[in-house]
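Structure data (mmCIF, N, CA and C atoms) from final-v9.cif:
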```
data_data
loop_
_atom_site.label_atom_id
_atom_site.label_comp_id
_atom_site.auth_asym_id
_atom_site.auth_seq_id
_atom_site.Cartn_x
_atom_site.Cartn_y
_atom_site.Cartn_z
N MET A 158 0.83 -1.19 0.00
CA MET A 158 0.00 0.00 0.00
C MET A 158 0.87 1.25 0.00
N GLY A 159 1.98 1.17 0.69
CA GLY A 159 2.87 2.32 0.76
C GLY A 159 3.40 2.72 -0.60
N ALA A 160 3.72 1.72 -1.43
CA ALA A 160 4.22 2.03 -2.77
C ALA A 160 3.17 2.77 -3.58
N VAL A 161 1.92 2.35 -3.49
CA VAL A 161 0.83 3.03 -4.20
C VAL A 161 0.68 4.45 -3.67
N GLN A 162 0.69 4.59 -2.37
CA GLN A 162 0.55 5.91 -1.77
C GLN A 162 1.70 6.84 -2.14
N ASP A 163 2.88 6.27 -2.37
CA ASP A 163 4.05 7.06 -2.75
C ASP A 163 4.13 7.31 -4.25
N GLY A 164 3.15 6.80 -5.01
CA GLY A 164 3.13 7.02 -6.45
C GLY A 164 3.88 5.97 -7.26
N ARG A 165 4.38 4.95 -6.61
CA ARG A 165 5.04 3.85 -7.33
C ARG A 165 3.97 2.82 -7.64
N LEU A 166 3.12 3.19 -8.62
CA LEU A 166 1.88 2.45 -8.89
C LEU A 166 2.13 1.03 -9.38
N ALA A 167 3.00 0.87 -10.36
CA ALA A 167 3.24 -0.47 -10.92
C ALA A 167 3.83 -1.39 -9.86
N GLU A 168 4.78 -0.88 -9.10
CA GLU A 168 5.41 -1.68 -8.05
C GLU A 168 4.38 -2.05 -6.98
N GLY A 169 3.61 -1.08 -6.54
CA GLY A 169 2.61 -1.35 -5.51
C GLY A 169 1.57 -2.34 -5.98
N ARG A 170 1.11 -2.15 -7.20
CA ARG A 170 0.09 -3.06 -7.74
C ARG A 170 0.64 -4.48 -7.83
N ALA A 171 1.85 -4.63 -8.31
CA ALA A 171 2.45 -5.96 -8.43
C ALA A 171 2.58 -6.63 -7.06
N LYS A 172 3.02 -5.88 -6.07
CA LYS A 172 3.16 -6.45 -4.73
C LYS A 172 1.81 -6.83 -4.13
N LEU A 173 0.82 -5.99 -4.33
CA LEU A 173 -0.52 -6.28 -3.81
C LEU A 173 -1.15 -7.48 -4.51
N GLU A 174 -0.96 -7.57 -5.82
CA GLU A 174 -1.48 -8.73 -6.55
C GLU A 174 -0.80 -10.00 -6.09
N ALA A 175 0.51 -9.93 -5.83
CA ALA A 175 1.24 -11.09 -5.32
C ALA A 175 0.72 -11.48 -3.94
N PHE A 176 0.45 -10.50 -3.10
CA PHE A 176 -0.09 -10.77 -1.77
C PHE A 176 -1.43 -11.49 -1.88
N ARG A 177 -2.32 -10.98 -2.74
CA ARG A 177 -3.63 -11.62 -2.90
C ARG A 177 -3.49 -13.04 -3.42
N ARG A 178 -2.57 -13.24 -4.33
CA ARG A 178 -2.35 -14.57 -4.89
C ARG A 178 -1.78 -15.52 -3.83
N ASP A 179 -0.82 -15.03 -3.02
CA ASP A 179 -0.14 -15.88 -2.04
C ASP A 179 -0.95 -16.10 -0.77
N TYR A 180 -1.83 -15.14 -0.43
CA TYR A 180 -2.61 -15.21 0.81
C TYR A 180 -4.08 -14.91 0.54
N PRO A 181 -4.74 -15.76 -0.25
CA PRO A 181 -6.13 -15.46 -0.65
C PRO A 181 -7.12 -15.40 0.51
N GLY A 182 -6.86 -16.07 1.59
CA GLY A 182 -7.78 -16.08 2.72
C GLY A 182 -7.42 -15.09 3.81
N SER A 183 -6.44 -14.25 3.55
CA SER A 183 -6.00 -13.29 4.55
C SER A 183 -7.09 -12.28 4.89
N PRO A 184 -7.17 -11.86 6.15
CA PRO A 184 -8.11 -10.80 6.50
C PRO A 184 -7.76 -9.46 5.84
N LEU A 185 -6.57 -9.37 5.28
CA LEU A 185 -6.15 -8.15 4.58
C LEU A 185 -6.35 -8.22 3.08
N ALA A 186 -6.94 -9.31 2.59
CA ALA A 186 -7.14 -9.46 1.14
C ALA A 186 -8.03 -8.36 0.57
N GLY A 187 -9.06 -7.97 1.30
CA GLY A 187 -9.93 -6.89 0.84
C GLY A 187 -9.21 -5.56 0.77
N ASP A 188 -8.35 -5.30 1.76
CA ASP A 188 -7.56 -4.07 1.73
C ASP A 188 -6.65 -4.07 0.50
N ALA A 189 -6.02 -5.21 0.24
CA ALA A 189 -5.14 -5.32 -0.92
C ALA A 189 -5.91 -5.08 -2.21
N GLN A 190 -7.10 -5.66 -2.32
CA GLN A 190 -7.92 -5.48 -3.53
C GLN A 190 -8.26 -4.00 -3.71
N HIS A 191 -8.61 -3.32 -2.64
CA HIS A 191 -8.93 -1.89 -2.72
C HIS A 191 -7.73 -1.10 -3.24
N TRP A 192 -6.56 -1.39 -2.72
CA TRP A 192 -5.37 -0.63 -3.12
C TRP A 192 -4.92 -0.98 -4.54
N ILE A 193 -5.21 -2.17 -5.00
CA ILE A 193 -4.99 -2.49 -6.41
C ILE A 193 -5.86 -1.58 -7.27
N ALA A 194 -7.11 -1.44 -6.89
CA ALA A 194 -8.03 -0.55 -7.62
C ALA A 194 -7.54 0.90 -7.56
N GLU A 195 -7.06 1.32 -6.40
CA GLU A 195 -6.55 2.68 -6.26
C GLU A 195 -5.36 2.92 -7.20
N ALA A 196 -4.49 1.92 -7.32
CA ALA A 196 -3.34 2.05 -8.23
C ALA A 196 -3.81 2.18 -9.67
N MET A 197 -4.79 1.40 -10.04
CA MET A 197 -5.34 1.47 -11.40
C MET A 197 -5.96 2.84 -11.65
N PHE A 198 -6.73 3.33 -10.70
CA PHE A 198 -7.38 4.64 -10.83
C PHE A 198 -6.32 5.74 -10.95
N ALA A 199 -5.35 5.72 -10.07
CA ALA A 199 -4.30 6.75 -10.09
C ALA A 199 -3.50 6.72 -11.39
N GLY A 200 -3.41 5.54 -11.98
CA GLY A 200 -2.71 5.40 -13.26
C GLY A 200 -3.58 5.73 -14.46
N GLY A 201 -4.83 6.09 -14.23
CA GLY A 201 -5.73 6.47 -15.32
C GLY A 201 -6.43 5.32 -16.00
N ASP A 202 -6.31 4.11 -15.46
CA ASP A 202 -6.99 2.95 -16.04
C ASP A 202 -8.35 2.79 -15.34
N TYR A 203 -9.27 3.66 -15.72
CA TYR A 203 -10.54 3.76 -15.01
C TYR A 203 -11.44 2.54 -15.21
N ARG A 204 -11.38 1.92 -16.38
CA ARG A 204 -12.20 0.73 -16.61
C ARG A 204 -11.77 -0.41 -15.70
N GLN A 205 -10.47 -0.67 -15.66
CA GLN A 205 -9.99 -1.74 -14.79
C GLN A 205 -10.18 -1.38 -13.32
N ALA A 206 -10.01 -0.10 -12.99
CA ALA A 206 -10.22 0.33 -11.61
C ALA A 206 -11.67 0.06 -11.20
N ALA A 207 -12.61 0.41 -12.08
CA ALA A 207 -14.02 0.17 -11.78
C ALA A 207 -14.27 -1.32 -11.51
N GLN A 208 -13.69 -2.17 -12.34
CA GLN A 208 -13.86 -3.62 -12.16
C GLN A 208 -13.24 -4.08 -10.84
N ALA A 209 -12.09 -3.53 -10.49
CA ALA A 209 -11.42 -3.92 -9.25
C ALA A 209 -12.17 -3.41 -8.02
N TYR A 210 -12.68 -2.19 -8.09
CA TYR A 210 -13.49 -1.68 -6.97
C TYR A 210 -14.75 -2.53 -6.80
N LEU A 211 -15.40 -2.85 -7.92
CA LEU A 211 -16.61 -3.67 -7.87
C LEU A 211 -16.30 -5.05 -7.29
N ALA A 212 -15.18 -5.62 -7.68
CA ALA A 212 -14.78 -6.93 -7.13
C ALA A 212 -14.62 -6.84 -5.61
N ASN A 213 -14.04 -5.74 -5.15
CA ASN A 213 -13.84 -5.60 -3.71
C ASN A 213 -15.17 -5.49 -2.96
N THR A 214 -16.08 -4.68 -3.49
CA THR A 214 -17.37 -4.54 -2.79
C THR A 214 -18.20 -5.81 -2.88
N SER A 215 -17.97 -6.61 -3.92
CA SER A 215 -18.70 -7.88 -4.06
C SER A 215 -18.10 -8.97 -3.18
N GLU A 216 -16.78 -9.08 -3.18
CA GLU A 216 -16.10 -10.13 -2.42
C GLU A 216 -16.04 -9.83 -0.92
N TYR A 217 -15.92 -8.56 -0.58
CA TYR A 217 -15.74 -8.16 0.82
C TYR A 217 -16.71 -7.03 1.17
N PRO A 218 -18.03 -7.28 1.07
CA PRO A 218 -19.00 -6.19 1.28
C PRO A 218 -18.97 -5.59 2.68
N GLU A 219 -18.47 -6.32 3.64
CA GLU A 219 -18.37 -5.82 5.01
C GLU A 219 -16.94 -5.46 5.36
N GLY A 220 -16.05 -5.50 4.38
CA GLY A 220 -14.64 -5.21 4.63
C GLY A 220 -14.39 -3.76 4.98
N ARG A 221 -13.24 -3.53 5.59
CA ARG A 221 -12.87 -2.20 6.04
C ARG A 221 -12.81 -1.19 4.89
N GLN A 222 -12.43 -1.64 3.70
CA GLN A 222 -12.29 -0.74 2.55
C GLN A 222 -13.51 -0.72 1.64
N ALA A 223 -14.54 -1.49 1.96
CA ALA A 223 -15.71 -1.57 1.08
C ALA A 223 -16.37 -0.22 0.83
N PRO A 224 -16.58 0.61 1.85
CA PRO A 224 -17.20 1.91 1.55
C PRO A 224 -16.36 2.76 0.60
N ASP A 225 -15.05 2.79 0.82
CA ASP A 225 -14.18 3.56 -0.06
C ASP A 225 -14.13 2.96 -1.46
N SER A 226 -14.21 1.64 -1.54
CA SER A 226 -14.23 1.00 -2.86
C SER A 226 -15.50 1.35 -3.62
N MET A 227 -16.63 1.42 -2.93
CA MET A 227 -17.87 1.77 -3.61
C MET A 227 -17.82 3.22 -4.11
N ILE A 228 -17.26 4.10 -3.31
CA ILE A 228 -17.10 5.48 -3.74
C ILE A 228 -16.09 5.55 -4.88
N GLY A 229 -15.03 4.78 -4.79
CA GLY A 229 -14.05 4.72 -5.88
C GLY A 229 -14.69 4.23 -7.17
N LEU A 230 -15.56 3.25 -7.06
CA LEU A 230 -16.29 2.76 -8.23
C LEU A 230 -17.08 3.89 -8.86
N ALA A 231 -17.76 4.68 -8.05
CA ALA A 231 -18.54 5.80 -8.57
C ALA A 231 -17.64 6.80 -9.30
N LEU A 232 -16.48 7.09 -8.73
CA LEU A 232 -15.57 8.05 -9.36
C LEU A 232 -14.99 7.50 -10.66
N ALA A 233 -14.73 6.20 -10.69
CA ALA A 233 -14.25 5.59 -11.94
C ALA A 233 -15.34 5.65 -13.01
N LEU A 234 -16.58 5.38 -12.62
CA LEU A 234 -17.69 5.47 -13.57
C LEU A 234 -17.83 6.89 -14.11
N GLU A 235 -17.66 7.87 -13.24
CA GLU A 235 -17.70 9.27 -13.69
C GLU A 235 -16.62 9.51 -14.74
N LYS A 236 -15.41 9.06 -14.47
CA LYS A 236 -14.30 9.25 -15.42
C LYS A 236 -14.59 8.56 -16.75
N LEU A 237 -15.39 7.50 -16.73
CA LEU A 237 -15.76 6.78 -17.95
C LEU A 237 -16.97 7.40 -18.64
N GLY A 238 -17.44 8.54 -18.11
CA GLY A 238 -18.57 9.23 -18.73
C GLY A 238 -19.93 8.67 -18.36
N GLN A 239 -19.99 7.89 -17.30
CA GLN A 239 -21.24 7.25 -16.89
C GLN A 239 -21.76 7.93 -15.62
N GLN A 240 -22.18 9.17 -15.77
CA GLN A 240 -22.60 9.97 -14.62
C GLN A 240 -23.81 9.39 -13.90
N ALA A 241 -24.81 8.96 -14.63
CA ALA A 241 -26.00 8.40 -13.98
C ALA A 241 -25.64 7.19 -13.13
N GLU A 242 -24.78 6.33 -13.66
CA GLU A 242 -24.34 5.15 -12.91
C GLU A 242 -23.51 5.55 -11.70
N ALA A 243 -22.69 6.60 -11.86
CA ALA A 243 -21.90 7.09 -10.74
C ALA A 243 -22.81 7.59 -9.62
N CYS A 244 -23.84 8.34 -9.97
CA CYS A 244 -24.79 8.84 -8.97
C CYS A 244 -25.53 7.70 -8.29
N PHE A 245 -25.96 6.72 -9.07
CA PHE A 245 -26.63 5.55 -8.50
C PHE A 245 -25.71 4.84 -7.51
N THR A 246 -24.44 4.70 -7.87
CA THR A 246 -23.47 4.01 -7.01
C THR A 246 -23.26 4.78 -5.71
N LEU A 247 -23.20 6.10 -5.79
CA LEU A 247 -23.07 6.91 -4.58
C LEU A 247 -24.30 6.76 -3.70
N ASP A 248 -25.48 6.73 -4.31
CA ASP A 248 -26.71 6.50 -3.54
C ASP A 248 -26.66 5.14 -2.84
N GLU A 249 -26.17 4.14 -3.56
CA GLU A 249 -26.05 2.80 -2.98
C GLU A 249 -25.05 2.79 -1.82
N ALA A 250 -23.97 3.54 -1.97
CA ALA A 250 -22.98 3.64 -0.88
C ALA A 250 -23.62 4.25 0.36
N LEU A 251 -24.45 5.26 0.16
CA LEU A 251 -25.13 5.88 1.30
C LEU A 251 -26.10 4.90 1.98
N LYS A 252 -26.76 4.07 1.17
CA LYS A 252 -27.68 3.07 1.74
C LYS A 252 -26.92 1.99 2.50
N ARG A 253 -25.90 1.45 1.87
CA ARG A 253 -25.17 0.33 2.48
C ARG A 253 -24.31 0.73 3.67
N TYR A 254 -23.69 1.90 3.57
CA TYR A 254 -22.68 2.28 4.56
C TYR A 254 -23.05 3.57 5.29
N GLY A 255 -24.34 3.79 5.46
CA GLY A 255 -24.82 4.99 6.12
C GLY A 255 -24.34 5.16 7.54
N SER A 256 -23.95 4.09 8.19
CA SER A 256 -23.45 4.19 9.57
C SER A 256 -21.98 4.58 9.62
N ASP A 257 -21.31 4.57 8.47
CA ASP A 257 -19.89 4.97 8.40
C ASP A 257 -19.85 6.47 8.08
N ARG A 258 -19.58 7.27 9.09
CA ARG A 258 -19.65 8.73 8.95
C ARG A 258 -18.73 9.27 7.87
N ALA A 259 -17.49 8.77 7.82
CA ALA A 259 -16.55 9.27 6.82
C ALA A 259 -17.04 8.94 5.41
N ALA A 260 -17.53 7.73 5.21
CA ALA A 260 -18.04 7.34 3.89
C ALA A 260 -19.28 8.16 3.53
N THR A 261 -20.16 8.39 4.50
CA THR A 261 -21.36 9.18 4.25
C THR A 261 -20.99 10.60 3.85
N ASP A 262 -20.06 11.19 4.57
CA ASP A 262 -19.63 12.56 4.24
C ASP A 262 -19.01 12.62 2.84
N ARG A 263 -18.17 11.66 2.53
CA ARG A 263 -17.50 11.66 1.22
C ARG A 263 -18.50 11.42 0.10
N ALA A 264 -19.40 10.45 0.26
CA ALA A 264 -20.40 10.15 -0.77
C ALA A 264 -21.31 11.35 -0.98
N THR A 265 -21.70 12.00 0.09
CA THR A 265 -22.57 13.17 -0.01
C THR A 265 -21.85 14.30 -0.76
N ALA A 266 -20.59 14.51 -0.44
CA ALA A 266 -19.82 15.56 -1.13
C ALA A 266 -19.66 15.24 -2.62
N GLU A 267 -19.42 13.98 -2.95
CA GLU A 267 -19.26 13.60 -4.36
C GLU A 267 -20.59 13.72 -5.10
N ARG A 268 -21.70 13.40 -4.44
CA ARG A 268 -23.03 13.59 -5.05
C ARG A 268 -23.25 15.05 -5.41
N ALA A 269 -22.87 15.93 -4.48
CA ALA A 269 -23.05 17.38 -4.72
C ALA A 269 -22.14 17.83 -5.86
N ARG A 270 -20.91 17.37 -5.90
CA ARG A 270 -19.97 17.74 -6.96
C ARG A 270 -20.47 17.29 -8.32
N LEU A 271 -21.05 16.08 -8.37
CA LEU A 271 -21.55 15.54 -9.62
C LEU A 271 -22.94 16.10 -9.99
N VAL A 272 -23.54 16.84 -9.08
CA VAL A 272 -24.89 17.38 -9.25
C VAL A 272 -25.86 16.23 -9.55
N CYS A 273 -25.82 15.25 -8.66
CA CYS A 273 -26.74 14.11 -8.80
C CYS A 273 -28.15 14.55 -8.45
N PRO A 274 -29.13 13.97 -9.16
CA PRO A 274 -30.54 14.34 -8.86
C PRO A 274 -30.99 13.82 -7.50
#
```
As structure tokens, please, write out the structure in this file.
Amino acid sequence: MGAVQDGRLAEGRAKLEAFRRDYPGSPLAGDAQHWIAEAMFAGGDYRQAAQAYLANTSEYPEGRQAPDSMIGLALALEKLGQQAEACFTLDEALKRYGSDRAATDRATAERARLVCP
């Protein structure tokens, strides 16, 4: 995760993918999947990022990174020109993770920025 956060996207992604491959049952697998998606998004690969965020929210819906992955999915959809889908995804994030204050605040702010109906 540190490599991704430091902007070493390819290195971070490779290490995280290796971790997921080597430790598929790890309690940190969902975190790794989220950061793989973050690396893809930061690198401008929005289609793959959307797929990776969706995989994280599907595989680890109660995981620590699930709310951020759902919001990341919405932002990737926006970058792909799918504003209606992005707004729907933010609404879904608010429904699923309404008890997570940070996620609620972020989803609400992104809805306002996107001018969602």
Inset, instruction - To one decimal in Å, tell me the separation between CA of Ala167 (chain A) and atom N of Glu267 (chain A). - result: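 Those two atoms sit 28.0 Å apart.
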Inset, instruction - Within chain A, find each residue whose DSSP state, derived from the backbone, is helix (DSSP H, G or I), and express the selection as a PyMOL selection string. - result: chain A and resi 159-162+166-179+186-199+203-216+223-236+240-253+258-271
Inset, instruction - Specify as a PyMOL selection string each residue included when the PyMOL selection byres (((chain A and resi 170 and name CA) around 12) and name CA) is applied to this file. - result: chain A and resi 158-169+171-177+189-200+206+209
Inset, instruction - Select, counting only C-alpha atoms, all protein, DNA and RNA residues no farther than 12 Å from (-26.6, 1.8, -3.2) in file coordinates, and express the selection as an MDAnalysis selection string. - result: chainID A and resid 214 218 224 227:228 230:231 242:255 261 264
Inset, instruction - Could you tell me how far atom N of Ala259 (chain A) lies from atom N of Asn213 (chain A), in Å and to one decimal? - result: 19.8 Å
Inset, instruction - Would you mind telling me which residue in A:Ala207, A:Ala212, A:Ala266, A:Ala233 lies nearest to Ala186 (chain A) when using only C-alpha atoms? - result: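 Among A:Ala207, A:Ala212, A:Ala266, A:Ala233, it is A:Ala212 that comes nearest to Ala186 (chain A).
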Legend entry - Nearest candidate to Ala241 (chain A) (options A:Arg268, A:Gly201, A:Gly182, A:Gly187; using only C-alpha atoms):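 Of A:Arg268, A:Gly201, A:Gly182, A:Gly187, the one nearest Ala241 (chain A), counting only C-alpha atoms, is A:Arg268.
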Inset, instruction - Grab the atom N of Thr265 (chain A) to atom C of Gln240 (chain A) distance for me, in Å with one decimal place. - result: 14.4 Å
Got a minute to add N, CA, C and O atoms to region 255-269 of chain A and dump it as a tab-separated table (two decimals), keeping the file's coordinate frame?
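For reference, selection.tsv as written:
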```
chain	number	residue	atom	x	y	z
A	255	GLY	N	-24.34	3.79	5.46
A	255	GLY	CA	-24.82	4.99	6.12
A	255	GLY	C	-24.34	5.16	7.54
A	255	GLY	O	-24.30	6.28	8.06
A	256	SER	N	-23.95	4.09	8.19
A	256	SER	CA	-23.45	4.19	9.57
A	256	SER	C	-21.98	4.58	9.62
A	256	SER	O	-21.46	4.90	10.68
A	257	ASP	N	-21.31	4.57	8.47
A	257	ASP	CA	-19.89	4.97	8.40
A	257	ASP	C	-19.85	6.47	8.08
A	257	ASP	O	-20.09	6.89	6.96
A	258	ARG	N	-19.58	7.27	9.09
A	258	ARG	CA	-19.65	8.73	8.95
A	258	ARG	C	-18.73	9.27	7.87
A	258	ARG	O	-19.12	10.13	7.08
A	259	ALA	N	-17.49	8.77	7.82
A	259	ALA	CA	-16.55	9.27	6.82
A	259	ALA	C	-17.04	8.94	5.41
A	259	ALA	O	-16.98	9.79	4.51
A	260	ALA	N	-17.53	7.73	5.21
A	260	ALA	CA	-18.04	7.34	3.89
A	260	ALA	C	-19.28	8.16	3.53
A	260	ALA	O	-19.42	8.58	2.37
A	261	THR	N	-20.16	8.39	4.50
A	261	THR	CA	-21.36	9.18	4.25
A	261	THR	C	-20.99	10.60	3.85
A	261	THR	O	-21.53	11.14	2.87
A	262	ASP	N	-20.06	11.19	4.57
A	262	ASP	CA	-19.63	12.56	4.24
A	262	ASP	C	-19.01	12.62	2.84
A	262	ASP	O	-19.32	13.53	2.07
A	263	ARG	N	-18.17	11.66	2.53
A	263	ARG	CA	-17.50	11.66	1.22
A	263	ARG	C	-18.50	11.42	0.10
A	263	ARG	O	-18.48	12.10	-0.93
A	264	ALA	N	-19.40	10.45	0.26
A	264	ALA	CA	-20.40	10.15	-0.77
A	264	ALA	C	-21.31	11.35	-0.98
A	264	ALA	O	-21.65	11.68	-2.12
A	265	THR	N	-21.70	12.00	0.09
A	265	THR	CA	-22.57	13.17	-0.01
A	265	THR	C	-21.85	14.30	-0.76
A	265	THR	O	-22.45	14.96	-1.62
A	266	ALA	N	-20.59	14.51	-0.44
A	266	ALA	CA	-19.82	15.56	-1.13
A	266	ALA	C	-19.66	15.24	-2.62
A	266	ALA	O	-19.78	16.13	-3.47
A	267	GLU	N	-19.42	13.98	-2.95
A	267	GLU	CA	-19.26	13.60	-4.36
A	267	GLU	C	-20.59	13.72	-5.10
A	267	GLU	O	-20.62	14.14	-6.25
A	268	ARG	N	-21.70	13.40	-4.44
A	268	ARG	CA	-23.03	13.59	-5.05
A	268	ARG	C	-23.25	15.05	-5.41
A	268	ARG	O	-23.76	15.38	-6.47
A	269	ALA	N	-22.87	15.93	-4.48
A	269	ALA	CA	-23.05	17.38	-4.72
A	269	ALA	C	-22.14	17.83	-5.86
A	269	ALA	O	-22.57	18.60	-6.74
```
